[in-house]
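With compact mmCIF, C-alpha atoms and all ligand atoms inside, this is work-v6.txt:
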```txt
# COMPACT_ATOMS: atom_id res chain seq x y z
CA MET A 1 91.24 117.12 105.90
CA SER A 2 94.42 117.65 107.89
CA GLU A 3 96.11 121.02 107.74
CA GLU A 4 99.38 119.25 107.11
CA THR A 5 98.03 117.57 103.99
CA ALA A 6 96.54 120.79 102.72
CA MET A 7 99.94 122.43 103.18
CA ARG A 8 101.72 119.55 101.46
CA MET A 9 99.56 119.96 98.39
CA ASN A 10 101.11 123.39 97.89
CA GLU A 11 104.71 122.48 98.61
CA PRO A 12 107.40 122.10 96.00
CA ASP A 13 108.21 118.43 95.18
CA ALA A 14 111.64 118.39 96.80
CA LEU A 15 110.42 119.54 100.18
CA PHE A 16 107.41 117.24 99.99
CA ASN A 17 109.54 114.19 99.16
CA ALA A 18 112.19 115.05 101.75
CA ARG A 19 109.53 114.91 104.45
CA ARG A 20 108.15 111.54 103.36
CA GLN A 21 109.00 108.51 105.45
CA THR A 22 108.56 105.13 103.82
CA GLY A 23 109.35 101.78 105.42
CA PRO A 24 110.76 98.44 104.24
CA VAL A 25 109.60 96.61 101.13
CA ILE A 26 106.29 94.86 101.88
CA LEU A 27 105.32 93.78 98.37
CA ASP A 28 107.81 92.52 95.83
CA LEU A 29 106.76 91.55 92.31
CA ARG A 30 109.44 89.43 90.67
CA HIS A 31 109.68 88.66 86.96
CA ILE A 32 105.94 88.64 86.38
CA SER A 33 104.79 87.52 82.93
CA LEU A 34 101.14 87.22 81.95
CA SER A 35 99.61 86.30 78.59
CA PHE A 36 96.09 85.96 77.28
CA GLY A 37 96.41 83.49 74.43
CA GLY A 38 98.79 85.23 72.04
CA VAL A 39 98.55 88.61 73.80
CA LYS A 40 101.44 89.33 76.16
CA ALA A 41 99.95 91.67 78.74
CA LEU A 42 103.03 91.65 81.02
CA THR A 43 106.58 90.59 80.22
CA ASP A 44 109.12 90.01 82.98
CA ILE A 45 107.97 92.87 85.22
CA SER A 46 109.72 93.39 88.55
CA PHE A 47 109.18 96.18 91.04
CA ASP A 48 108.60 96.58 94.75
CA VAL A 49 106.38 98.59 97.05
CA ARG A 50 107.52 100.01 100.37
CA GLU A 51 105.43 100.30 103.49
CA HIS A 52 103.54 103.61 103.68
CA GLU A 53 104.53 104.46 100.12
CA ILE A 54 102.38 105.98 97.40
CA ARG A 55 103.51 104.01 94.36
CA ALA A 56 102.12 104.91 90.94
CA ILE A 57 101.89 102.67 87.89
CA ILE A 58 101.68 104.67 84.68
CA GLY A 59 101.82 103.94 80.97
CA PRO A 60 99.89 104.47 77.75
CA ASN A 61 96.64 102.61 77.02
CA GLY A 62 97.07 98.85 76.90
CA ALA A 63 100.45 99.02 78.68
CA GLY A 64 99.42 96.40 81.23
CA LYS A 65 98.63 98.57 84.26
CA SER A 66 95.25 97.06 85.19
CA SER A 67 96.62 93.58 84.51
CA MET A 68 99.37 94.30 87.04
CA LEU A 69 96.83 95.28 89.73
CA ASN A 70 94.84 92.16 88.88
CA VAL A 71 97.95 90.06 89.44
CA ILE A 72 98.56 91.74 92.80
CA ASN A 73 95.05 91.03 94.10
CA GLY A 74 94.76 87.59 92.56
CA VAL A 75 92.24 88.17 89.77
CA TYR A 76 94.85 87.11 87.20
CA ARG A 77 97.39 84.34 87.70
CA PRO A 78 100.68 85.05 85.96
CA GLN A 79 102.32 82.24 83.98
CA GLN A 80 105.71 83.24 85.35
CA GLY A 81 107.08 85.10 88.32
CA GLU A 82 106.65 85.34 92.03
CA ILE A 83 104.90 87.62 94.50
CA VAL A 84 106.54 88.22 97.86
CA LEU A 85 104.13 89.74 100.35
CA ARG A 86 105.65 90.62 103.72
CA GLY A 87 108.32 87.98 103.18
CA ALA A 88 105.89 85.20 102.17
CA HIS A 89 106.68 83.84 98.71
CA ARG A 90 103.73 82.99 96.47
CA ARG A 91 103.55 81.74 92.94
CA ASN A 92 100.38 83.81 92.63
CA MET A 93 97.64 85.30 94.77
CA ASP A 94 93.98 84.40 94.93
CA CYS A 95 91.37 87.05 95.61
CA HIS A 96 90.36 85.74 99.01
CA ALA A 97 93.95 85.34 100.19
CA ALA A 98 94.75 88.85 98.97
CA ALA A 99 91.79 90.32 100.86
CA LYS A 100 92.75 88.36 104.01
CA ALA A 101 96.29 89.62 103.65
CA GLY A 102 95.02 93.19 103.76
CA ILE A 103 94.87 94.10 100.08
CA ALA A 104 91.81 96.05 98.92
CA ARG A 105 91.11 97.73 95.62
CA THR A 106 88.88 100.07 93.68
CA PHE A 107 88.06 99.59 90.01
CA GLN A 108 88.42 101.60 86.82
CA ASN A 109 84.66 101.37 86.30
CA ILE A 110 82.70 101.95 89.48
CA ALA A 111 81.59 98.63 90.97
CA LEU A 112 79.04 99.57 93.62
CA PHE A 113 75.51 98.37 94.39
CA LYS A 114 73.65 101.27 92.78
CA GLY A 115 70.32 100.64 94.48
CA MET A 116 71.82 100.47 97.96
CA THR A 117 72.59 103.47 100.17
CA VAL A 118 76.10 104.82 100.68
CA LEU A 119 76.17 103.39 104.21
CA ASP A 120 75.10 99.92 103.07
CA ASN A 121 77.68 99.93 100.29
CA VAL A 122 80.40 100.88 102.76
CA MET A 123 79.16 98.14 105.12
CA THR A 124 79.79 95.54 102.38
CA GLY A 125 83.46 96.44 102.75
CA ARG A 126 83.30 95.06 106.32
CA ASN A 127 82.22 91.57 105.20
CA LEU A 128 85.55 89.90 105.72
CA LYS A 129 85.77 91.28 109.24
CA MET A 130 82.44 89.77 110.31
CA THR A 131 82.90 86.73 112.49
CA SER A 132 79.44 85.80 113.81
CA ASN A 133 77.60 83.05 111.98
CA PHE A 134 74.71 83.48 109.58
CA LEU A 135 72.02 82.33 112.04
CA LEU A 136 73.07 84.82 114.73
CA GLN A 137 73.26 87.57 112.13
CA ALA A 138 69.77 86.70 110.83
CA LEU A 139 68.37 86.80 114.37
CA TRP A 140 70.40 89.95 115.09
CA TRP A 141 71.00 88.50 118.50
CA GLY A 142 73.72 88.63 121.16
CA PRO A 143 77.25 88.86 119.83
CA ALA A 144 75.96 89.35 116.27
CA ARG A 145 74.11 92.48 117.32
CA ARG A 146 77.16 93.90 119.13
CA GLU A 147 79.33 93.03 116.15
CA GLU A 148 77.01 94.70 113.69
CA ILE A 149 76.96 97.86 115.80
CA ALA A 150 80.77 97.94 115.92
CA HIS A 151 80.99 97.47 112.13
CA ARG A 152 78.43 100.17 111.54
CA ARG A 153 80.42 102.53 113.76
CA LYS A 154 83.55 101.85 111.74
CA ALA A 155 81.68 102.42 108.47
CA GLU A 156 80.33 105.71 109.84
CA GLU A 157 83.86 106.78 110.85
CA ILE A 158 85.08 106.26 107.31
CA ILE A 159 82.07 108.06 105.87
CA ASP A 160 82.86 110.95 108.19
CA PHE A 161 86.55 110.89 107.22
CA LEU A 162 85.70 111.12 103.51
CA GLU A 163 83.14 113.87 104.17
CA ILE A 164 80.14 112.05 102.71
CA CYS A 165 77.93 112.12 105.84
CA HIS A 166 75.30 114.21 104.11
CA ILE A 167 74.66 111.45 101.54
CA ARG A 168 74.99 108.41 103.80
CA LYS A 169 71.34 107.42 103.30
CA THR A 170 71.25 108.20 99.55
CA PRO A 171 71.16 105.35 97.02
CA VAL A 172 74.52 105.37 95.24
CA GLY A 173 72.95 105.36 91.76
CA ARG A 174 71.56 108.84 92.39
CA LEU A 175 74.96 110.38 93.15
CA PRO A 176 77.17 112.25 90.70
CA TYR A 177 80.15 110.35 89.36
CA GLY A 178 82.78 112.05 91.54
CA LEU A 179 80.92 111.17 94.74
CA GLN A 180 80.40 107.57 93.58
CA LYS A 181 84.18 107.29 93.21
CA ARG A 182 84.54 108.55 96.77
CA VAL A 183 82.02 105.97 98.02
CA GLU A 184 84.06 103.29 96.28
CA LEU A 185 87.13 104.50 98.13
CA ALA A 186 85.12 104.41 101.38
CA ARG A 187 84.08 100.82 100.76
CA ALA A 188 87.69 99.78 100.09
CA LEU A 189 88.81 101.58 103.27
CA ALA A 190 86.11 99.82 105.29
CA ALA A 191 88.19 96.66 104.94
CA GLU A 192 90.99 98.51 106.80
CA PRO A 193 93.53 97.48 104.17
CA GLU A 194 97.27 97.64 104.60
CA ILE A 195 97.69 97.97 100.86
CA LEU A 196 95.13 99.85 98.81
CA LEU A 197 95.08 99.42 95.03
CA LEU A 198 93.40 102.29 93.20
CA ASP A 199 92.64 101.86 89.51
CA GLU A 200 92.28 105.33 87.99
CA PRO A 201 90.69 106.94 91.05
CA MET A 202 90.36 110.28 89.26
CA ALA A 203 89.19 109.18 85.83
CA GLY A 204 86.28 111.23 84.54
CA MET A 205 86.49 113.80 87.34
CA ASN A 206 86.53 117.56 87.01
CA VAL A 207 89.42 119.58 88.45
CA GLU A 208 87.71 120.21 91.78
CA GLU A 209 86.76 116.55 92.24
CA LYS A 210 90.32 115.52 91.39
CA GLN A 211 91.68 117.95 93.95
CA ASP A 212 89.39 116.47 96.61
CA MET A 213 90.32 112.90 95.71
CA CYS A 214 94.01 113.76 95.73
CA ARG A 215 93.77 115.17 99.22
CA PHE A 216 91.78 112.19 100.47
CA ILE A 217 94.41 109.81 99.10
CA LEU A 218 97.15 111.76 100.87
CA ASP A 219 95.11 111.83 104.09
CA VAL A 220 94.44 108.08 103.98
CA ASN A 221 98.15 107.51 103.50
CA ASP A 222 99.01 109.96 106.28
CA GLN A 223 96.46 109.16 108.92
CA PHE A 224 95.85 105.42 108.44
CA GLY A 225 99.40 104.68 107.26
CA THR A 226 97.93 102.82 104.29
CA THR A 227 100.32 101.85 101.50
CA ILE A 228 98.85 102.90 98.18
CA VAL A 229 99.45 101.57 94.68
CA LEU A 230 97.62 103.60 92.09
CA ILE A 231 97.13 103.72 88.36
CA GLU A 232 96.53 107.24 87.17
CA HIS A 233 96.63 108.93 83.78
CA ASP A 234 96.82 112.49 85.08
CA MET A 235 100.56 113.08 85.20
CA GLY A 236 100.14 116.23 87.28
CA VAL A 237 98.56 114.16 90.02
CA VAL A 238 101.08 111.32 89.67
CA MET A 239 104.10 113.59 89.85
CA ASP A 240 102.73 115.46 92.85
CA ILE A 241 101.55 112.70 95.15
CA SER A 242 103.72 109.66 94.33
CA ASP A 243 106.87 108.62 96.13
CA ARG A 244 107.94 106.41 93.24
CA VAL A 245 106.58 105.65 89.81
CA VAL A 246 106.85 102.51 87.68
CA VAL A 247 106.27 102.98 83.96
CA LEU A 248 104.93 100.23 81.68
CA ASP A 249 104.75 100.23 77.90
CA TYR A 250 103.48 97.33 75.80
CA GLY A 251 103.66 95.10 78.89
CA ARG A 252 107.29 95.89 79.62
CA LYS A 253 108.81 98.03 82.33
CA ILE A 254 110.56 101.05 80.83
CA GLY A 255 111.06 103.21 83.90
CA ASP A 256 111.09 103.05 87.69
CA GLY A 257 112.08 105.71 90.17
CA THR A 258 111.14 108.99 91.78
CA PRO A 259 108.88 111.33 89.82
CA GLU A 260 111.98 113.38 88.96
CA GLU A 261 113.87 110.34 87.65
CA VAL A 262 110.93 109.12 85.61
CA ARG A 263 110.29 112.57 84.19
CA ASN A 264 113.85 112.65 82.83
CA ASN A 265 113.90 109.05 81.55
CA GLN A 266 114.27 109.14 77.76
CA ASP A 267 112.42 105.84 77.24
CA VAL A 268 109.47 107.26 79.15
CA ILE A 269 109.57 110.49 77.16
CA ASP A 270 109.65 108.50 73.93
CA ALA A 271 106.79 106.23 74.96
CA TYR A 272 104.52 109.14 75.79
CA LEU A 273 105.53 111.80 73.35
CA GLY A 274 107.63 110.36 70.58
CA SER A 275 111.41 110.71 70.52
CA GLU A 276 111.46 114.35 69.44
CA ALA A 277 109.20 115.70 72.10
CA ARG A 278 110.18 116.68 75.60
CA VAL A 279 108.41 116.19 78.87
CA SER A 280 107.57 119.60 80.18
CA GLU A 281 106.80 119.67 83.88
CA GLY A 282 106.14 115.93 83.74
CA MET A 283 103.12 116.39 81.56
CA PRO A 284 102.43 114.29 78.49
CA SER A 285 100.58 116.35 75.95
CA ALA A 286 100.60 114.25 72.78
CA GLY A 287 101.70 110.93 71.33
CA ARG A 288 100.23 107.49 72.04
CA ALA A 289 97.27 108.24 74.21
CA PRO A 290 98.03 108.24 77.90
CA GLY A 291 94.35 108.87 78.47
CA GLY A 292 92.95 111.37 80.93
CA SER A 293 93.26 115.09 80.50
CA PRO A 294 96.30 116.47 82.24
CA GLU A 295 95.99 120.08 83.11
CA GLY A 296 99.22 121.10 84.74
CA ARG A 297 101.40 120.02 87.56
CA HIS A 298 99.83 121.94 90.32
CA GLY A 299 96.58 122.29 88.53
CA HIS A 300 94.64 119.76 90.54
N1 LIG B 401 90.97 89.49 80.24
C1 LIG B 401 91.70 89.76 79.15
N2 LIG B 401 91.63 88.98 78.05
C2 LIG B 401 92.38 89.23 76.98
N3 LIG B 401 93.26 90.25 76.87
C3 LIG B 401 93.37 91.06 77.93
C4 LIG B 401 92.61 90.87 79.13
N4 LIG B 401 92.94 91.84 80.02
C5 LIG B 401 93.86 92.60 79.41
N5 LIG B 401 94.11 92.14 78.17
C6 LIG B 401 95.07 92.70 77.21
O1 LIG B 401 96.28 92.90 77.91
C7 LIG B 401 96.88 94.13 77.49
C8 LIG B 401 97.07 95.03 78.69
O2 LIG B 401 95.76 95.47 79.12
P1 LIG B 401 95.53 96.31 80.45
O3 LIG B 401 94.07 96.52 80.57
O4 LIG B 401 96.24 95.67 81.56
O5 LIG B 401 96.26 97.69 80.05
P2 LIG B 401 96.15 99.10 80.76
O6 LIG B 401 97.53 99.67 80.78
O7 LIG B 401 95.45 98.98 82.06
O8 LIG B 401 95.25 99.91 79.73
P3 LIG B 401 94.20 101.13 79.98
O9 LIG B 401 95.01 102.31 80.38
O10 LIG B 401 93.57 101.29 78.64
O11 LIG B 401 93.25 100.67 81.04
C9 LIG B 401 95.98 94.73 76.41
O12 LIG B 401 96.49 94.34 75.15
C10 LIG B 401 94.65 94.08 76.70
O13 LIG B 401 93.88 93.99 75.53
```
With the file now loaded, output its structure as structure tokens.
Amino acid sequence: MSEETAMRMNEPDALFNARRQTGPVILDLRHISLSFGGVKALTDISFDVREHEIRAIIGPNGAGKSSMLNVINGVYRPQQGEIVLRGAHRRNMDCHAAAKAGIARTFQNIALFKGMTVLDNVMTGRNLKMTSNFLLQALWWGPARREEIAHRRKAEEIIDFLEICHIRKTPVGRLPYGLQKRVELARALAAEPEILLLDEPMAGMNVEEKQDMCRFILDVNDQFGTTIVLIEHDMGVVMDISDRVVVLDYGRKIGDGTPEEVRNNQDVIDAYLGSEARVSEGMPSAGRAPGGSPEGRHGH
């Protein structure tokens, strides 16, 4: 954990945001609409993501957040719209193309191989980077052997970075939930993504686990320069670590801007709390369920 990140976690928003440097737009979602039969999951959604940014997608349950991530990494194909990734225009993505283009993701429900060790799970994240053919790999011979050693070294580096060395040989199914979420992050990082999509990385975690995950996300962003798009229900976390926030409700975009702008957006306040309530310190506390269990802006 870098000292700088630890310090940032305790800084007031304004100072934190003033020090952030984000680059040009690398991902541009334009007029995305997606339906499942009669269900409109996304309606005419446009927003962009800047290089090195931490971009949050928030909204009440069923707002379309996971669908949006699935459009970005090619699991879902929108009926309308366009995706511009580093200037390349695409009608839609496919999973393989997204992975090749440097997009990795974690899932709302942990998707790891429970019987395999932490190290082996993280190694699966290196698959796309492996170039030697199956026969050489099976014989563990020549270039395949050197390649495997290099991949293993990279996996170990990431394991070290996320401070899970002590469990590297433990089968994932035996680990507590918070650590499994960290292993999932490690596997996504093993692909050395340029853009990392995190679907509720802190769901189901206690305060301490959330604090750890928050710091790891900031460190990944800091030290690897990874652009991060995350869905998160804990508004304290979102308001603290995001550069910009896009807000969805019933598949439509109702807000987009800095945490401060979104916090003061009346449509957002209404969607979370009902028109008479106010957002206090960016924290939803009632209304249509945002999910999660927010516990205060600097409470993670
Ligand atoms: N594969 C699918 N088939 C049919 N309907 C779907 C599918 N995926 C999502 N939907 C519908 O699309 C809408 C948006 O769902 P989505 O999961 O994207 O919302 P969300 O904001 O991620 O919700 P949550 O916070 O509960 O995860 C919902 O009405 C959902 O039922």
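Considering the residues A:Thr170, A:Thr258, A:Asn109, A:Asn264 and counting only C-alpha atoms, Pro201 in chain A has its shortest atom-to-atom contact with A:Asn109.
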With distances taken over all atoms listed in the file, which of A:Pro193, A:Gly251, A:Gly87, A:Gly125 is nearest to ligand LIG 401 (chain B)?
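Of A:Pro193, A:Gly251, A:Gly87, A:Gly125, the one nearest ligand LIG 401 (chain B) is A:Gly251, counting all atoms listed in the file.
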Counting all atoms listed in the file, name the residues that have an atom within 9 Å of an atom of ligand LIG 401 (chain B); the answer should be given as a PyMOL selection string.
chain A and resi 34-42+57-70+76+108+199-200+231-233+248-251+289-291
Separation of CA of Arg182 in chain A and CA of Val247 in chain A, in Å?
25.8 Å
Tell me which protein, DNA and RNA residues are within 9 Å of Lys169 in chain A, counting all atoms listed in the file, leaving out same-chain ones fewer than 5 positions away, and put them as a list of chain:residue names.
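That gives A:Met116, A:Thr117, A:Val118, A:Leu119, A:Asp120.
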Take CA of Gly255 in chain A and CA of Tyr272 in chain A and report the distance between them in Å, one decimal.
12.0 Å
Report, in Å to a single decimal, how far apart CA of Ile32 in chain A and CA of Ile45 in chain A are.
4.8 Å
Show me the residues close to (100.7, 107.5, 95.8) - anything with an atom within 9 Å, counting only C-alpha atoms - and format the list as a PyMOL selection string.
chain A and resi 53-56+217-218+221+227-230+238+240-245
Which residue out of A:Ala101, A:Ile83, A:Val172, A:Ala88 has the minimum interatomic distance to Phe113 in chain A when all atoms listed in the file are used?
A:Val172
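Nearest to Asp44 in chain A of all the residues A:Pro259, A:Gly81, A:Gly204, A:Gly236 is A:Gly81, counting all atoms listed in the file.
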With distances taken over all atoms listed in the file, which of A:Ile254, A:Ala97, A:Met213, A:Ala190 is nearest to Ile269 in chain A?
A:Ile254
Using the file's own x, y and z axes, what box holds all listed atoms of range 225-231 of chain A with 8 Å on each side, keeping edges along x, y and z, and what are its centre and edge lengths in Å to one decimal, as lines of an AutoDock Vina configuration file?
```
center_x = 98.7
center_y = 103.1
center_z = 97.8
size_x = 19.2
size_y = 19.1
size_z = 34.9
```
